[in-house]
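Below is the file work19.cif, which contains mmCIF, C-alpha atoms.
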```cif
data_final
#
loop_
_atom_site.label_atom_id
_atom_site.label_comp_id
_atom_site.auth_asym_id
_atom_site.auth_seq_id
_atom_site.Cartn_x
_atom_site.Cartn_y
_atom_site.Cartn_z
CA MET A 902 4.44 15.54 57.08
CA THR A 903 1.60 13.03 57.39
CA VAL A 904 1.85 9.41 56.28
CA ILE A 905 -0.57 10.15 53.45
CA GLY A 906 1.52 13.15 52.45
CA ARG A 907 4.72 11.11 52.43
CA ARG A 908 3.01 8.45 50.33
CA ARG A 909 1.90 11.04 47.81
CA VAL A 910 5.41 12.46 47.55
CA LEU A 911 6.84 8.96 47.16
CA ALA A 912 4.27 8.07 44.48
CA ALA A 913 4.99 11.29 42.62
CA GLY A 914 8.72 10.56 42.82
CA LEU A 915 8.27 7.05 41.46
CA ALA A 916 6.05 8.32 38.62
CA LEU A 917 8.63 10.98 37.74
CA ALA A 918 11.42 8.41 37.78
CA ALA A 919 9.45 6.06 35.54
CA SER A 920 8.62 8.90 33.16
CA THR A 921 12.25 10.02 33.03
CA ALA A 922 13.46 6.46 32.42
CA GLY A 923 10.91 6.04 29.64
CA ALA A 924 11.93 9.33 28.04
CA GLN A 925 15.60 8.37 28.24
CA ALA A 926 14.88 4.95 26.70
CA GLN A 927 12.96 6.56 23.85
CA GLY A 928 15.67 9.20 23.47
CA THR A 929 18.24 6.52 22.63
CA TYR A 930 15.95 4.84 20.11
CA PRO A 931 17.00 2.89 18.17
CA ASP A 932 19.82 1.11 19.99
CA ARG A 933 19.52 -2.24 18.19
CA PRO A 934 18.39 -3.59 14.76
CA ILE A 935 14.83 -3.00 13.58
CA ARG A 936 12.76 -5.77 11.97
CA LEU A 937 10.79 -4.68 8.90
CA VAL A 938 8.10 -7.29 8.13
CA ILE A 939 6.83 -7.60 4.54
CA GLY A 940 3.79 -9.74 3.82
CA PHE A 941 4.79 -10.69 0.28
CA PRO A 942 7.61 -12.68 -1.37
CA PRO A 943 10.97 -11.16 -2.35
CA GLY A 944 11.07 -9.39 -5.70
CA GLY A 945 7.51 -8.05 -5.75
CA PRO A 946 6.50 -4.36 -5.66
CA THR A 947 6.05 -4.23 -1.88
CA ASP A 948 9.36 -5.98 -1.30
CA ILE A 949 11.16 -3.59 -3.65
CA ALA A 950 9.71 -0.54 -1.88
CA GLY A 951 10.45 -1.99 1.55
CA ARG A 952 14.06 -2.80 0.74
CA LEU A 953 14.65 0.64 -0.77
CA LEU A 954 13.41 2.19 2.46
CA ALA A 955 15.26 -0.26 4.72
CA GLN A 956 18.59 0.64 3.13
CA ARG A 957 18.11 4.37 3.64
CA LEU A 958 16.71 4.00 7.16
CA SER A 959 19.71 1.91 8.20
CA GLU A 960 21.94 4.83 7.26
CA ILE A 961 19.74 7.53 8.82
CA LEU A 962 18.97 5.74 12.09
CA GLY A 963 22.42 4.24 12.53
CA GLN A 964 21.00 0.77 13.11
CA GLN A 965 20.42 -2.05 10.65
CA VAL A 966 16.86 -2.37 9.38
CA VAL A 967 16.39 -6.07 8.60
CA VAL A 968 13.77 -7.11 6.03
CA ASP A 969 11.73 -10.18 7.03
CA ASN A 970 9.43 -11.57 4.33
CA LYS A 971 6.37 -13.33 5.78
CA PRO A 972 4.11 -13.93 2.75
CA GLY A 973 0.65 -15.43 2.82
CA VAL A 974 -3.10 -14.79 3.20
CA ALA A 975 -3.08 -11.41 1.40
CA GLY A 976 -0.51 -10.02 3.80
CA ASN A 977 -2.57 -10.89 6.89
CA ILE A 978 0.17 -13.07 8.39
CA ALA A 979 2.61 -10.17 8.43
CA SER A 980 -0.01 -7.76 9.74
CA GLN A 981 -0.81 -10.08 12.63
CA ILE A 982 2.88 -10.52 13.49
CA VAL A 983 3.30 -6.76 13.86
CA ALA A 984 -0.02 -6.18 15.61
CA ASP A 985 1.00 -8.81 18.21
CA ALA A 986 4.56 -7.50 18.63
CA LYS A 987 5.84 -5.45 21.55
CA PRO A 988 5.09 -1.76 20.86
CA ASP A 989 8.69 -0.58 21.15
CA GLY A 990 9.48 0.47 17.58
CA TYR A 991 11.62 -2.57 16.78
CA THR A 992 9.01 -4.47 14.76
CA LEU A 993 7.45 -2.60 11.84
CA LEU A 994 5.20 -3.52 8.92
CA VAL A 995 5.36 -2.48 5.28
CA GLY A 996 1.63 -2.18 4.70
CA THR A 997 0.22 -2.15 1.20
CA SER A 998 -2.97 -1.38 -0.69
CA ILE A 999 -4.59 -4.78 -0.11
CA MET A 1000 -4.95 -3.67 3.52
CA GLY A 1001 -7.60 -1.23 2.38
CA ILE A 1002 -9.60 -4.13 0.94
CA VAL A 1003 -9.18 -7.07 3.32
CA PRO A 1004 -11.41 -5.71 6.15
CA ALA A 1005 -14.37 -5.92 3.74
CA LEU A 1006 -13.16 -9.08 2.01
CA TYR A 1007 -12.70 -11.25 5.11
CA ASP A 1008 -15.46 -12.00 7.60
CA LYS A 1009 -12.87 -12.20 10.36
CA LEU A 1010 -9.27 -11.00 10.57
CA PRO A 1011 -6.64 -12.23 13.06
CA TYR A 1012 -5.84 -8.61 13.97
CA ASP A 1013 -7.77 -5.36 14.35
CA PRO A 1014 -6.90 -3.20 11.32
CA ILE A 1015 -7.54 0.02 13.26
CA LYS A 1016 -6.91 -0.75 16.93
CA GLY A 1017 -4.05 -3.20 16.36
CA LEU A 1018 -1.77 -1.04 14.23
CA GLU A 1019 -0.32 2.47 14.48
CA ALA A 1020 0.16 4.38 11.21
CA VAL A 1021 3.68 5.82 11.08
CA ALA A 1022 4.27 7.06 7.53
CA HIS A 1023 2.75 6.78 4.08
CA PHE A 1024 5.84 6.73 1.84
CA THR A 1025 4.91 5.45 -1.64
CA THR A 1026 2.08 5.76 -4.08
CA VAL A 1027 2.12 3.82 -7.34
CA PRO A 1028 -0.68 4.73 -9.74
CA MET A 1029 -2.26 1.82 -11.53
CA ILE A 1030 -2.52 2.01 -15.30
CA VAL A 1031 -5.02 0.71 -17.82
CA VAL A 1032 -3.31 -1.34 -20.51
CA ALA A 1033 -4.58 -3.14 -23.59
CA PRO A 1034 -2.95 -5.72 -25.85
CA ALA A 1035 -1.23 -4.40 -28.96
CA GLY A 1036 -3.65 -4.35 -31.86
CA GLY A 1037 -6.66 -4.17 -29.55
CA ILE A 1038 -8.53 -1.20 -28.10
CA GLY A 1039 -6.51 1.91 -28.86
CA SER A 1040 -7.55 4.51 -26.28
CA ILE A 1041 -9.27 4.91 -22.92
CA GLU A 1042 -12.13 6.71 -24.66
CA GLU A 1043 -12.61 3.71 -26.97
CA LEU A 1044 -12.59 1.33 -23.99
CA VAL A 1045 -15.18 3.32 -22.05
CA ALA A 1046 -17.42 3.49 -25.13
CA ALA A 1047 -17.11 -0.29 -25.62
CA LEU A 1048 -17.99 -1.04 -21.96
CA ARG A 1049 -21.09 1.14 -22.28
CA LYS A 1050 -22.19 -0.13 -25.69
CA GLU A 1051 -21.66 -3.85 -25.03
CA PRO A 1052 -21.85 -4.38 -21.25
CA GLY A 1053 -20.51 -7.77 -20.17
CA LYS A 1054 -18.96 -8.62 -23.52
CA HIS A 1055 -15.42 -7.39 -22.90
CA SER A 1056 -13.31 -9.13 -20.28
CA TYR A 1057 -10.47 -8.29 -17.93
CA PRO A 1058 -8.24 -10.58 -15.85
CA SER A 1059 -7.09 -10.39 -12.26
CA PRO A 1060 -4.70 -12.42 -10.09
CA GLY A 1061 -7.65 -13.45 -7.92
CA ASN A 1062 -11.03 -12.50 -6.48
CA GLY A 1063 -10.87 -9.49 -4.22
CA SER A 1064 -7.46 -8.32 -5.43
CA LEU A 1065 -6.80 -4.64 -6.05
CA ILE A 1066 -6.73 -5.32 -9.79
CA HIS A 1067 -10.14 -7.00 -9.59
CA MET A 1068 -11.67 -4.18 -7.52
CA GLY A 1069 -10.04 -1.44 -9.58
CA SER A 1070 -11.25 -2.91 -12.88
CA LEU A 1071 -14.75 -3.30 -11.48
CA LEU A 1072 -14.70 0.31 -10.30
CA LEU A 1073 -13.62 1.52 -13.75
CA ALA A 1074 -16.42 -0.41 -15.47
CA GLN A 1075 -19.00 0.82 -12.96
CA ARG A 1076 -18.00 4.46 -13.24
CA ALA A 1077 -17.91 4.18 -17.02
CA GLY A 1078 -21.60 3.31 -16.80
CA GLY A 1079 -21.06 -0.13 -18.29
CA ASP A 1080 -19.90 -3.59 -17.33
CA ALA A 1081 -17.13 -6.08 -18.09
CA LEU A 1082 -16.53 -9.77 -17.50
CA HIS A 1083 -14.10 -10.60 -14.68
CA VAL A 1084 -11.83 -13.61 -15.24
CA PRO A 1085 -9.83 -14.49 -12.10
CA TYR A 1086 -6.52 -16.37 -12.30
CA LYS A 1087 -4.24 -17.94 -9.73
CA GLY A 1088 -1.58 -15.26 -9.87
CA SER A 1089 -0.47 -12.31 -11.98
CA ALA A 1090 1.67 -14.18 -14.53
CA PRO A 1091 -1.09 -16.28 -16.16
CA ALA A 1092 -3.43 -13.29 -16.13
CA MET A 1093 -0.91 -11.18 -18.01
CA GLN A 1094 -0.14 -13.95 -20.51
CA ASP A 1095 -3.78 -14.11 -21.57
CA THR A 1096 -3.93 -10.32 -21.90
CA LEU A 1097 -0.83 -10.38 -24.09
CA ALA A 1098 -2.47 -13.09 -26.18
CA GLY A 1099 -5.44 -10.79 -26.83
CA ARG A 1100 -7.94 -12.80 -24.79
CA HIS A 1101 -8.90 -9.75 -22.70
CA ALA A 1102 -9.87 -6.25 -23.77
CA PHE A 1103 -7.96 -4.51 -20.98
CA GLN A 1104 -6.13 -4.97 -17.72
CA ILE A 1105 -5.31 -2.73 -14.77
CA ASP A 1106 -1.73 -3.17 -13.62
CA THR A 1107 1.29 -1.33 -12.24
CA LEU A 1108 3.84 0.27 -14.54
CA GLY A 1109 6.57 -1.85 -12.99
CA SER A 1110 4.82 -5.08 -13.94
CA SER A 1111 3.83 -3.92 -17.43
CA LYS A 1112 6.81 -1.81 -18.48
CA GLY A 1113 8.77 -4.59 -20.19
CA PHE A 1114 5.76 -5.52 -22.32
CA VAL A 1115 5.02 -1.86 -23.08
CA ASP A 1116 8.63 -1.26 -24.15
CA ALA A 1117 8.48 -4.37 -26.34
CA GLY A 1118 5.34 -3.10 -28.07
CA ARG A 1119 3.12 -5.91 -26.78
CA LEU A 1120 1.00 -3.68 -24.52
CA LYS A 1121 -0.29 -0.14 -24.86
CA ILE A 1122 -0.90 2.17 -21.89
CA LEU A 1123 -4.33 3.76 -22.20
CA ALA A 1124 -4.40 5.93 -19.07
CA VAL A 1125 -3.36 6.40 -15.45
CA CYS A 1126 -5.94 5.54 -12.76
CA ASP A 1127 -5.22 8.48 -10.46
CA THR A 1128 -6.29 12.06 -9.83
CA ARG A 1129 -3.00 13.32 -11.28
CA ARG A 1130 -0.39 12.14 -13.74
CA ALA A 1131 2.36 9.92 -12.38
CA ALA A 1132 5.81 11.43 -11.93
CA SER A 1133 7.36 8.37 -13.55
CA MET A 1134 5.20 8.69 -16.71
CA SER A 1135 4.18 12.33 -16.95
CA ASP A 1136 3.29 12.00 -20.64
CA VAL A 1137 0.45 9.53 -19.92
CA PRO A 1138 -2.96 11.18 -19.24
CA THR A 1139 -5.30 10.19 -16.45
CA VAL A 1140 -8.63 8.45 -17.04
CA GLN A 1141 -10.39 11.61 -15.90
CA GLU A 1142 -8.51 13.85 -18.32
CA LYS A 1143 -9.73 11.84 -21.30
CA THR A 1144 -13.17 10.64 -20.20
CA GLY A 1145 -14.31 12.80 -17.29
CA ILE A 1146 -14.52 9.69 -15.08
CA ALA A 1147 -13.00 10.33 -11.64
CA ILE A 1148 -11.12 7.25 -10.51
CA GLU A 1149 -8.25 6.69 -8.09
CA VAL A 1150 -6.77 3.20 -8.05
CA VAL A 1151 -3.28 3.19 -6.59
CA THR A 1152 -1.00 0.79 -4.85
CA TRP A 1153 0.65 2.27 -1.79
CA ASN A 1154 3.00 1.48 1.03
CA LEU A 1155 2.59 2.66 4.57
CA ILE A 1156 4.77 1.84 7.56
CA PHE A 1157 2.85 0.57 10.59
CA ALA A 1158 3.99 -0.08 14.16
CA PRO A 1159 2.10 -2.03 16.82
CA ALA A 1160 -0.65 0.00 18.48
CA GLY A 1161 0.58 1.67 21.64
CA THR A 1162 4.04 2.49 20.31
CA PRO A 1163 5.20 5.62 22.19
CA ARG A 1164 4.62 8.86 20.29
CA PRO A 1165 8.31 9.97 20.42
CA ILE A 1166 9.29 6.73 18.65
CA VAL A 1167 6.52 7.11 16.04
CA ASP A 1168 7.63 10.70 15.41
CA ARG A 1169 11.29 9.66 15.18
CA LEU A 1170 10.46 7.01 12.60
CA ASN A 1171 8.22 9.36 10.63
CA ALA A 1172 10.96 11.99 10.47
CA ALA A 1173 13.51 9.39 9.35
CA ILE A 1174 11.20 8.06 6.63
CA ASN A 1175 10.48 11.58 5.35
CA GLN A 1176 14.23 12.16 5.24
CA ALA A 1177 14.75 8.86 3.39
CA VAL A 1178 12.29 9.61 0.58
CA LYS A 1179 14.14 12.86 -0.18
CA THR A 1180 17.53 11.23 -0.65
CA PRO A 1181 18.76 11.29 -4.28
CA GLU A 1182 19.61 7.56 -4.16
CA MET A 1183 16.12 6.50 -3.14
CA MET A 1184 14.45 8.95 -5.52
CA GLU A 1185 16.48 7.63 -8.46
CA LYS A 1186 15.82 3.97 -7.69
CA ALA A 1187 12.13 4.59 -7.03
CA ARG A 1188 11.65 6.39 -10.31
CA ALA A 1189 13.34 3.51 -12.18
CA ALA A 1190 10.86 1.12 -10.51
CA GLY A 1191 7.85 3.32 -11.36
CA ILE A 1192 7.30 4.31 -7.71
CA ASP A 1193 6.22 7.80 -6.61
CA LEU A 1194 7.63 8.76 -3.19
CA VAL A 1195 5.59 10.90 -0.80
CA GLU A 1196 6.07 12.66 2.53
CA SER A 1197 3.51 12.35 5.32
CA THR A 1198 2.74 12.73 9.01
CA PRO A 1199 1.35 10.00 11.28
CA ALA A 1200 -2.01 11.81 11.22
CA THR A 1201 -2.23 12.08 7.43
CA SER A 1202 -1.09 8.47 7.11
CA LYS A 1203 -3.83 7.27 9.47
CA LYS A 1204 -6.46 9.25 7.57
CA PHE A 1205 -5.24 7.93 4.22
CA TYR A 1206 -5.49 4.34 5.50
CA GLU A 1207 -8.98 4.85 6.90
CA ASP A 1208 -10.12 6.59 3.69
CA GLN A 1209 -8.88 3.63 1.64
CA MET A 1210 -10.94 1.19 3.73
CA ALA A 1211 -14.00 3.42 3.47
CA MET A 1212 -13.62 3.72 -0.32
CA TRP A 1213 -13.21 0.00 -1.03
CA ALA A 1214 -15.82 -1.40 1.37
CA PRO A 1215 -18.89 -0.70 -0.83
CA ILE A 1216 -17.05 -1.80 -3.97
CA VAL A 1217 -16.11 -5.13 -2.40
CA LYS A 1218 -19.71 -5.56 -1.24
CA ALA A 1219 -21.05 -4.83 -4.73
CA SER A 1220 -18.66 -7.39 -6.22
CA GLY A 1221 -19.85 -10.16 -3.91
CA ALA A 1222 -16.23 -11.21 -3.36
CA LYS A 1223 -15.60 -12.93 -0.02
CA VAL A 1224 -12.79 -14.92 1.55
CA GLU A 1225 -13.50 -17.22 4.48
#
```
Final structure tokens representation of the file:
Amino acid sequence: MTVIGRRRVLAAGLALAASTAGAQAQGTYPDRPIRLVIGFPPGGPTDIAGRLLAQRLSEILGQQVVVDNKPGVAGNIASQIVADAKPDGYTLLVGTSIMGIVPALYDKLPYDPIKGLEAVAHFTTVPMIVVAPAGGIGSIEELVAALRKEPGKHSYPSPGNGSLIHMGSLLLAQRAGGDALHVPYKGSAPAMQDTLAGRHAFQIDTLGSSKGFVDAGRLKILAVCDTRRAASMSDVPTVQEKTGIAIEVVTWNLIFAPAGTPRPIVDRLNAAINQAVKTPEMMEKARAAGIDLVESTPATSKKFYEDQMAMWAPIVKASGAKVE
């Protein structure tokens, strides 16, 4: 055998050994705790969904999944932490719907939303609802008619410029063929208080945030902002059913890993998450929180994420909302 031949055999042997070692390492995954980073404070919708999943995954994977809340800058701090992490499957992100908006809202992000993160599984969808204060507008048809007849007169609140609630409300007014006055607040609580006081004609919100006020008779649900009725409130019609206006405004959660995470690990996580969302315990708790659970593949999750960014980009541009 020639020297070159021996070198080729040696190189092939080393490559095979490295490949085998890598496969064996991935085959034992996970062999230590997994960090699940959430970009919002404890107790919020994303935190609730993340903790529900973490509990089930700990049981399915046989390793503890530890929740790590890193709130701030519309979730960008958490996204950057995961994008910068080692792509080994031990640092994951609970992504949420604001991630579909921030690429258009911020001139510059500290991470690449496409090249920096690997979509693993889309596991929740929470339809937003249109609510109105008790004694105010009584139906979604009445609201649409009012927005068309008196554009700019009726107002809606949001927890801040560029938020999903802001963009969703703007989209509803635009597709209704009318207009409404946006009133931004510093947070969800003061926005809701003014809606309850009758200072706003309507508000887009999640069922989880509004349910207590709906049950107390202080708010009325007008419609669901999705293409289908929500499993957790099947008696509430969609906007499209009542008005013919197609609108899809949902909050969602999607698990991301750092870009470059080996495919066997991504597939292992995806399978575990799909198993988790079918467990009776998680289904029961999700329904109580107004969360719809979904199954997915890495490919469908990636497409969903990219479609969300494509949908919101022109709406953000039309709003003029920007964050430096």
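Take the candidates A:Lys1143, A:Arg1049, A:His1101, A:Lys1112 and check each one against Pro1085 in chain A using only C-alpha atoms; the shortest distance goes to A:His1101.
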**Fill in**
note - CA of Met1068 in chain A and CA of Glu1042 in chain A are separated by 20.3 Å
**Asked** Once the PyMOL selection byres ((chain A and resi 1165-1168) around 9) has been applied to the shown file, what residues remain in the selection, as a ChimeraX atom specification?
**Response** /A:924,927-928,930-931,989-990,1019-1022,1158,1162-1164,1169-1173,1198-1199
**Item:** Nearest-residue call for Pro1215 in chain A, choices A:Leu1072, A:Leu958, A:Gln981, A:Leu993, using all atoms listed in the file
**Value:** A:Leu1072
**Request:** Could you please determine the separation between CA of Asp1127 in chain A and CA of Ala1147 in chain A in Å, to one decimal place?
**Result:**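 Atom-to-atom, CA of Asp1127 in chain A and CA of Ala1147 in chain A are spaced 8.1 Å apart.
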**Request:** Excluding Val1150 in chain A and residues on its chain fewer than 6 positions from it, collect all residues at most 12 Å away from it, counting only C-alpha atoms, and give them as a ChimeraX atom specification.
**Result:** /A:998-999,1001-1002,1026-1031,1064-1073,1105-1107,1124-1129,1139-1140,1209,1212-1213
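Taken over the whole file, the PyMOL selection byres ((chain A and resi 1010-1017) around 8) covers exactly Asn977, Ser980, Gln981, Ala984, Asp985, Pro1004, Tyr1007, Asp1008, Lys1009, Leu1018, Glu1019, Pro1159 and Ala1160 of chain A.
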**Item:** Contacts of Ser1111 in chain A within 12 Å, only C-alpha atoms, excl. fewer than 3 positions in-chain, as a ChimeraX atom specification
**Value:** /A:1029-1034,1089-1090,1092-1094,1096-1097,1104-1108,1114-1122,1190-1191
**Request:** Figure out the distance between CA of Leu1048 in chain A and CA of Asp1095 in chain A, please, to one decimal in Å.
**Result:** 19.3 Å
**Request:** With a distance cut-off of 10 Å and only C-alpha atoms, select the neighbouring residues of Arg952 in chain A, excluding the residue or stretch itself and same-chain residues fewer than 3 positions from it, and output the selection as a ChimeraX atom specification.
**Result:** /A:937,939,943-944,947-949,955-958,966-969,995
**Request:** Go through A:Gly1079, A:Gly940, A:Gly1036, A:Gly1113 and flag the residue nearest Lys1050 in chain A, using all atoms listed in the file for the distances.
**Result:** A:Gly1079
Please write as a PDB file with C-alpha atoms, keeping the file's coordinate frame the full residue list that the PyMOL selection byres ((chain A and resi 1189) around 12) yields on this file.
```pdb
ATOM      1  CA  ILE A 949      11.160  -3.590  -3.650  1.00  0.00           C
ATOM      2  CA  ALA A 950       9.710  -0.540  -1.880  1.00  0.00           C
ATOM      3  CA  LEU A 953      14.650   0.640  -0.770  1.00  0.00           C
ATOM      4  CA  LEU A1108       3.840   0.270 -14.540  1.00  0.00           C
ATOM      5  CA  GLY A1109       6.570  -1.850 -12.990  1.00  0.00           C
ATOM      6  CA  LYS A1112       6.810  -1.810 -18.480  1.00  0.00           C
ATOM      7  CA  ALA A1132       5.810  11.430 -11.930  1.00  0.00           C
ATOM      8  CA  SER A1133       7.360   8.370 -13.550  1.00  0.00           C
ATOM      9  CA  MET A1134       5.200   8.690 -16.710  1.00  0.00           C
ATOM     10  CA  GLU A1182      19.610   7.560  -4.160  1.00  0.00           C
ATOM     11  CA  MET A1183      16.120   6.500  -3.140  1.00  0.00           C
ATOM     12  CA  MET A1184      14.450   8.950  -5.520  1.00  0.00           C
ATOM     13  CA  GLU A1185      16.480   7.630  -8.460  1.00  0.00           C
ATOM     14  CA  LYS A1186      15.820   3.970  -7.690  1.00  0.00           C
ATOM     15  CA  ALA A1187      12.130   4.590  -7.030  1.00  0.00           C
ATOM     16  CA  ARG A1188      11.650   6.390 -10.310  1.00  0.00           C
ATOM     17  CA  ALA A1190      10.860   1.120 -10.510  1.00  0.00           C
ATOM     18  CA  GLY A1191       7.850   3.320 -11.360  1.00  0.00           C
ATOM     19  CA  ILE A1192       7.300   4.310  -7.710  1.00  0.00           C
ATOM     20  CA  ASP A1193       6.220   7.800  -6.610  1.00  0.00           C
ATOM     21  CA  LEU A1194       7.630   8.760  -3.190  1.00  0.00           C
TER      22      LEU A1194
END
```
